[in-house]
Amino acid sequence: MIPSYMEVDQSKDFVAQIFSSDADKCLEAIRTLRNTIIGNNKQKKHFVNLGIVPRLLHFMIDENCDVQLMIESAVVLGSLSKGTEEDIQGLIENGCVSVLLKGIFHSNLKYVESCLRCLRTIMSSQYPPIDCIYQDSNIIPHLINLLPKSVITQECITHIFATACKTPDQQVVLCSSGIISALTPMLSINIYNVQMPTLRCLAVLCHQNQEVAMTVASTSHNGETVPNLVTKLLARDKPPEMQMSAAKCLTYLCRAGVIHPEDSIIVLKALPTLIRMCKKDRSYKERIEAAETLAYLIEVDTELQQAASITDHVIKTLADFFKHNHLSNNQNGDMNGNSKKVESTVDELHKAAFLAFASLGANDEEIRRKIIESENMMDHIVTGLENTSASVPLAAVTCLHSLSRSVQQLRTSFQDHAVWKPLMKLLKNAPDDVLTVASSTLCNLLLEFSPCKEPILEQGAVDLLVDLTKRDDPALRLNGIWALMNMAFQADQRIKSQILCKLGTDQLFRILADPNVNILMKTLGLLRNLLSNKPHIDDIMSKHGNQIMQAVILILEGDHPIEVKEQTLCILANVADGESAKDFIITNEDVLKKLMNYMIHTNVKLQTAATFCISNLIWSEEEGRSYSGSMERQAKLREMGVQKVLQQLLSTNDSTLFDKVKTALQQFT
């Protein structure tokens, strides 16, 4: 046996034996090398630097080489692949993967298994060469055919597939190759190293892919479907990580729509398992994975959120994620005294809890109240927003966004903890994914009843939001204009003027031409909110009237959905509610004709909006200028036939339109 730490000259002599032309000497040297490098990264790196990898690969591709030498070479490569990430990348750069993939087609099963073991380790690295599995159309079918050969082929191949399935296209390729029917029987093989990678493989196959998930859910073995087979692996006598993987697989099937959220498999099996896995007696890794999977499972289903909220004290369980003093004491031995690992684990715990709380409180006011009343919850969120890691601020702001849907909490807890301060700081320097959720949260904090509104304005919110309307990402443009719309609702003239000044009519026109209907609707909503309150209407129209009317006409003439045109007509109705602003409509016969056309439109909403505009246009309140002006407007509209159209509309069956018509006719004297 060569000693673990040999002298340089000795190791060079030893490597020389590997390069010998004598096959027996090579075989003996490689076997000795295998024993020397096991568990010793320093020795692995030393021999790699001496150039043994190309020699090992040579043995594996030499058709005249003894199969035992090929096997031993593959085994040594497998050991080298368990070194550092740098070692693995070195193997990949030396062409190791292509040799291993060629090796799986060999007739000797032991050699095939050795190649698969090495390939499994390489595919588990930080940067796995996934594309190589898909480059040759023969590889995937052959790997599937190898599955029944042995336990080794089953555990290695399922692991390889699980790590090599990252995109929808890859999911479809694997599914169409028949992998689902090949994996299904393996769920019933009572061998941990087979069932675990099989579960993981099935989970990644159906993650956010309804087509593949449908195939998974409909596949059966011995009369039992995959969901039922997976549910058996949730049993308490199974290892915790197996229960976790089974729950995750069922979660993905549920979110893909192939298992109903109210199915007992989900409500009575998967959901309680995930919550149980969040308990303090579980490892940190299990708790983090369970909470994140729980968040995903209940994210969009109100009934599941309700069920989760009353299951096994889940809110208290998740609140315990923020109590991590024991981490630094290393009670469970998970951290090995590594301060960076402790910090990373704390961050992951916080992230998982924030995401789970965000999903729990997405739709129910009472659940939100319970979450916020958890010990120091708002303080934890504020701290999370200020975290310097990449993932915690996004999770914290996602949680804050969910909780910000509560009117009561906006008026109390949010104000008490001044959450707008770290939020505004985050908005000024955040990546797009954080910015999207943070700006959505800001939309809620800028609602008229929110006490946070004024201090947010003082922090330069208008400039920030106007900048968002200029971004390439439609979600950011939408949030920017939405927040401005909320800001303008029942605002004083100072705020409205500031918005218009910062936004500018040129940018307003650009947003009104946005192809995204939601953005267009919110922009029209902003205009409608700006043009409210008579003095404000007259002031804004005196400065920007021509541009606003031009925009209105373009939309009314354009090919837009009903709701867009209805909103535009409501803007005209607001303009008509001003004093001097009325002139922009009454002096424009083109606009008046458009209003008449919409009064006889087939859509009653457009009829109602147009009629309301006419009613505001001819409204008279008292003697004097307003009264005489209304007489002139009435005369003009009567001459155009508006009064006759209104009389015809009295036959409508729609009560709202009838009331608007009746009110308008009463104005004609």
# chains A, B, ... in the order shown; residues from 1 in each chain; ligands from 1

$ residues_around --residues "range 95-102 of chain A" --least-positions-apart "3" --cutoff "8 Å" --atoms "only C-alpha atoms" --output "compact mmCIF listing (two decimals) with all heavy atoms, in the first residue's frame"
# COMPACT_ATOMS: atom_id res chain seq x y z
N LEU A 57 -8.88 8.06 -18.59
CA LEU A 57 -9.86 8.17 -19.68
C LEU A 57 -9.41 7.35 -20.89
O LEU A 57 -10.23 6.77 -21.61
CB LEU A 57 -10.06 9.64 -20.07
CG LEU A 57 -10.71 10.53 -18.99
CD1 LEU A 57 -10.74 11.99 -19.45
CD2 LEU A 57 -12.13 10.05 -18.68
N MET A 60 -10.40 3.85 -20.54
CA MET A 60 -11.84 3.66 -20.67
C MET A 60 -12.32 3.70 -22.12
O MET A 60 -13.38 3.15 -22.44
CB MET A 60 -12.59 4.72 -19.84
CG MET A 60 -12.37 4.55 -18.33
SD MET A 60 -12.99 5.94 -17.34
CE MET A 60 -14.75 5.81 -17.65
N ILE A 61 -11.57 4.34 -22.99
CA ILE A 61 -12.00 4.41 -24.40
C ILE A 61 -11.20 3.47 -25.30
O ILE A 61 -11.52 3.34 -26.48
CB ILE A 61 -11.88 5.86 -24.94
CG1 ILE A 61 -10.44 6.36 -24.87
CG2 ILE A 61 -12.83 6.79 -24.19
CD1 ILE A 61 -10.25 7.74 -25.49
N LEU A 91 -12.37 17.55 -14.15
CA LEU A 91 -12.78 16.31 -14.83
C LEU A 91 -13.64 16.63 -16.06
O LEU A 91 -13.46 16.04 -17.12
CB LEU A 91 -13.58 15.43 -13.86
CG LEU A 91 -12.82 14.81 -12.68
CD1 LEU A 91 -13.76 14.01 -11.81
CD2 LEU A 91 -11.68 13.92 -13.18
N ILE A 92 -14.56 17.59 -15.89
CA ILE A 92 -15.43 17.97 -17.02
C ILE A 92 -14.60 18.53 -18.16
O ILE A 92 -14.81 18.18 -19.33
CB ILE A 92 -16.49 18.99 -16.54
CG1 ILE A 92 -17.45 18.34 -15.53
CG2 ILE A 92 -17.27 19.55 -17.74
CD1 ILE A 92 -18.40 19.31 -14.87
N PHE A 105 -22.99 2.47 -22.43
CA PHE A 105 -23.45 1.57 -23.50
C PHE A 105 -22.65 0.26 -23.54
O PHE A 105 -22.88 -0.59 -24.38
CB PHE A 105 -23.34 2.28 -24.86
CG PHE A 105 -24.37 3.36 -25.07
CD1 PHE A 105 -24.11 4.67 -24.68
CD2 PHE A 105 -25.60 3.08 -25.64
CE1 PHE A 105 -25.04 5.67 -24.86
CE2 PHE A 105 -26.55 4.07 -25.83
CZ PHE A 105 -26.27 5.37 -25.44
N HIS A 106 -21.71 0.10 -22.61
CA HIS A 106 -20.86 -1.10 -22.57
C HIS A 106 -21.68 -2.31 -22.13
O HIS A 106 -22.69 -2.18 -21.43
CB HIS A 106 -19.68 -0.89 -21.62
CG HIS A 106 -18.54 -1.81 -21.85
ND1 HIS A 106 -18.49 -3.08 -21.31
CD2 HIS A 106 -17.39 -1.67 -22.56
CE1 HIS A 106 -17.37 -3.68 -21.68
NE2 HIS A 106 -16.67 -2.83 -22.43
N CYS A 115 -19.46 3.78 -14.20
CA CYS A 115 -19.63 5.03 -14.98
C CYS A 115 -20.80 5.84 -14.44
O CYS A 115 -20.73 7.07 -14.32
CB CYS A 115 -19.84 4.70 -16.45
SG CYS A 115 -18.37 4.07 -17.29
N LEU A 116 -21.89 5.15 -14.12
CA LEU A 116 -23.09 5.84 -13.62
C LEU A 116 -22.83 6.49 -12.26
O LEU A 116 -23.29 7.60 -11.99
CB LEU A 116 -24.26 4.86 -13.51
CG LEU A 116 -24.90 4.43 -14.83
CD1 LEU A 116 -25.90 3.31 -14.60
CD2 LEU A 116 -25.57 5.61 -15.53
N CYS A 118 -19.98 7.66 -11.11
CA CYS A 118 -19.18 8.87 -11.33
C CYS A 118 -20.04 9.97 -11.95
O CYS A 118 -19.97 11.13 -11.54
CB CYS A 118 -17.99 8.53 -12.25
SG CYS A 118 -16.89 9.93 -12.52
N LEU A 119 -20.86 9.59 -12.92
CA LEU A 119 -21.73 10.56 -13.58
C LEU A 119 -22.72 11.17 -12.59
O LEU A 119 -23.00 12.38 -12.63
CB LEU A 119 -22.48 9.87 -14.73
CG LEU A 119 -23.20 10.76 -15.74
CD1 LEU A 119 -22.22 11.71 -16.43
CD2 LEU A 119 -23.92 9.91 -16.77
N CYS A 132 -25.35 17.79 -21.73
CA CYS A 132 -24.74 16.60 -22.33
C CYS A 132 -25.71 15.42 -22.35
O CYS A 132 -25.61 14.54 -23.22
CB CYS A 132 -23.46 16.23 -21.59
SG CYS A 132 -23.74 15.68 -19.89
N ILE A 139 -29.21 8.68 -25.55
CA ILE A 139 -28.78 8.57 -24.16
C ILE A 139 -29.96 8.35 -23.21
O ILE A 139 -29.95 7.41 -22.39
CB ILE A 139 -27.97 9.82 -23.74
CG1 ILE A 139 -26.63 9.84 -24.49
CG2 ILE A 139 -27.75 9.84 -22.24
CD1 ILE A 139 -25.82 11.09 -24.26

$ select_by_dssp --residues "range 251-475 of chain A" --states "alpha helix (DSSP H)" --output "JSON, numbers by chain"
{"A": [251, 252, 253, 254, 255, 264, 271, 272, 273, 274, 275, 276, 284, 285, 286, 287, 288, 289, 290, 291, 292, 293, 294, 295, 296, 297, 298, 302, 303, 304, 305, 306, 307, 308, 309, 314, 315, 316, 317, 318, 319, 325, 326, 327, 328, 329, 339, 340, 341, 342, 343, 344, 345, 346, 347, 348, 349, 350, 351, 352, 353, 354, 355, 356, 357, 358, 359, 360, 365, 366, 367, 368, 369, 370, 371, 372, 377, 378, 379, 380, 381, 382, 383, 384, 385, 392, 393, 394, 395, 396, 397, 398, 399, 400, 401, 402, 403, 407, 408, 409, 410, 411, 413, 414, 415, 416, 420, 421, 422, 423, 424, 425, 426, 427, 432, 433, 434, 435, 436, 437, 438, 439, 440, 441, 442, 443, 444, 445, 453, 454, 455, 456, 457, 458, 461, 462, 463, 464, 465, 466, 467, 468, 474, 475]}

$ closest_residue --among "A:Ala513, A:Leu271, A:Leu205, A:Val314" --to "Ala164 in chain A" --atoms "only C-alpha atoms"
A:Leu205

$ residues_around --residues "Gln634 in chain A" --least-positions-apart "3" --cutoff "7 Å" --atoms "only C-alpha atoms" --output "PyMOL selection string"
chain A and resi 618+630-631+637-638+668

$ write_last_selection --atoms "N, CA, C and O atoms" --output "PDB file, in the first residue's frame"
ATOM      1  N   ILE A 618     -74.388  69.688 -18.996  1.00  0.00           N
ATOM      2  CA  ILE A 618     -75.526  70.634 -19.043  1.00  0.00           C
ATOM      3  C   ILE A 618     -76.019  71.009 -17.649  1.00  0.00           C
ATOM      4  O   ILE A 618     -77.013  71.721 -17.507  1.00  0.00           O
ATOM      5  N   SER A 630     -74.999  77.080 -18.815  1.00  0.00           N
ATOM      6  CA  SER A 630     -75.664  75.794 -18.998  1.00  0.00           C
ATOM      7  C   SER A 630     -76.779  75.915 -20.034  1.00  0.00           C
ATOM      8  O   SER A 630     -77.041  74.974 -20.789  1.00  0.00           O
ATOM      9  N   MET A 631     -77.442  77.089 -20.077  1.00  0.00           N
ATOM     10  CA  MET A 631     -78.495  77.293 -21.075  1.00  0.00           C
ATOM     11  C   MET A 631     -77.912  77.215 -22.490  1.00  0.00           C
ATOM     12  O   MET A 631     -78.503  76.624 -23.394  1.00  0.00           O
ATOM     13  N   LEU A 637     -76.668  71.322 -27.475  1.00  0.00           N
ATOM     14  CA  LEU A 637     -76.875  69.874 -27.466  1.00  0.00           C
ATOM     15  C   LEU A 637     -78.267  69.510 -27.972  1.00  0.00           C
ATOM     16  O   LEU A 637     -78.452  68.485 -28.644  1.00  0.00           O
ATOM     17  N   ARG A 638     -79.271  70.372 -27.652  1.00  0.00           N
ATOM     18  CA  ARG A 638     -80.624  70.125 -28.154  1.00  0.00           C
ATOM     19  C   ARG A 638     -80.636  70.213 -29.677  1.00  0.00           C
ATOM     20  O   ARG A 638     -81.253  69.401 -30.370  1.00  0.00           O
ATOM     21  N   PHE A 668     -82.615  69.729 -18.969  1.00  0.00           N
ATOM     22  CA  PHE A 668     -83.095  70.514 -20.117  1.00  0.00           C
ATOM     23  C   PHE A 668     -84.324  71.292 -19.686  1.00  0.00           C
ATOM     24  O   PHE A 668     -85.312  70.744 -19.213  1.00  0.00           O
TER      25      PHE A 668
END

$ atom_distance --atom1 "CA of Lys370 in chain A" --atom2 "CA of Lys453 in chain A"
24.7 Å

$ residues_around --residues "Ile38 in chain A" --least-positions-apart "3" --cutoff "7 Å" --atoms "only C-alpha atoms" --output "list in words"
Arg34, Asn35 and Ser79 of chain A

$ residues_around --residues "Gln415 in chain A" --least-positions-apart "5" --cutoff "10 Å" --atoms "only C-alpha atoms" --output "list in words"
Gln409, Leu410, Trp420, Leu445, Ser450, Pro451, Cys452 and Lys453 of chain A

$ residues_around --residues "range 226-235 of chain A" --least-positions-apart "5" --cutoff "9 Å" --atoms "only C-alpha atoms" --output "list in words"
Thr184, Leu187, Ser188, Gln195, Leu199, Val216, Ala217, Ser218, Thr219, Ser220, His221, Pro240, Met242, Gln243, Met244, Ser245, Ala246, Ala247, Cys249, Leu250, Leu253, Ile259, Ile265, Lys269, Ala270 and Thr273 of chain A

$ closest_residue --among "A:Lys110, A:Lys316, A:Lys605, A:Arg369" --to "Arg405 in chain A" --atoms "only C-alpha atoms"
A:Arg369

$ select_by_dssp --residues "range 205-249 of chain A" --states "strand (DSSP E)" --output "number ranges by chain"
A: 220-221, 224-225

$ atom_distance --atom1 "CA of Val434 in chain A" --atom2 "CA of Val397 in chain A"
7.5 Å

$ closest_residue --among "A:Glu343, A:Asp136, A:Asp467, A:Asp364" --to "Ile499 in chain A" --atoms "only C-alpha atoms"
A:Asp467

$ closest_residue --among "A:Thr469, A:Thr121, A:Ser344, A:Thr251" --to "Lys285 in chain A" --atoms "only C-alpha atoms"
A:Ser344

$ residues_around --residues "Thr436 in chain A" --least-positions-apart "3" --cutoff "10 Å" --atoms "only C-alpha atoms" --output "list in words"
Leu394, Val397, Thr398, Leu427, Ala430, Pro431, Asp432, Asp433, Ser439, Ser440, Thr441, Leu442, Leu468, Asp473, Pro474, Ala475, Leu476, Arg477, Leu478, Asn479 and Gly480 of chain A

$ write_last_selection --atoms "C-alpha atoms" --output "mmCIF file, in the first residue's frame"
data_model
loop_
_atom_site.group_PDB
_atom_site.id
_atom_site.type_symbol
_atom_site.label_atom_id
_atom_site.label_comp_id
_atom_site.auth_asym_id
_atom_site.auth_seq_id
_atom_site.Cartn_x
_atom_site.Cartn_y
_atom_site.Cartn_z
ATOM 1 C CA LEU A 394 -37.585 39.554 -1.156
ATOM 2 C CA VAL A 397 -41.370 42.237 1.389
ATOM 3 C CA THR A 398 -43.535 39.411 0.011
ATOM 4 C CA LEU A 427 -37.167 50.611 -3.364
ATOM 5 C CA ALA A 430 -33.180 46.792 -5.184
ATOM 6 C CA PRO A 431 -33.044 44.193 -7.978
ATOM 7 C CA ASP A 432 -36.114 43.921 -10.194
ATOM 8 C CA ASP A 433 -37.662 40.904 -8.444
ATOM 9 C CA SER A 439 -43.695 48.556 -5.411
ATOM 10 C CA SER A 440 -46.851 46.402 -5.166
ATOM 11 C CA THR A 441 -46.690 46.854 -1.402
ATOM 12 C CA LEU A 442 -46.207 50.589 -1.831
ATOM 13 C CA LEU A 468 -40.902 52.986 -12.560
ATOM 14 C CA ASP A 473 -40.550 45.439 -17.217
ATOM 15 C CA PRO A 474 -44.369 45.720 -17.618
ATOM 16 C CA ALA A 475 -44.878 44.687 -13.969
ATOM 17 C CA LEU A 476 -42.796 47.639 -12.781
ATOM 18 C CA ARG A 477 -44.551 50.066 -15.134
ATOM 19 C CA LEU A 478 -47.913 48.792 -13.878
ATOM 20 C CA ASN A 479 -46.965 49.181 -10.221
ATOM 21 C CA GLY A 480 -45.537 52.638 -10.828
#
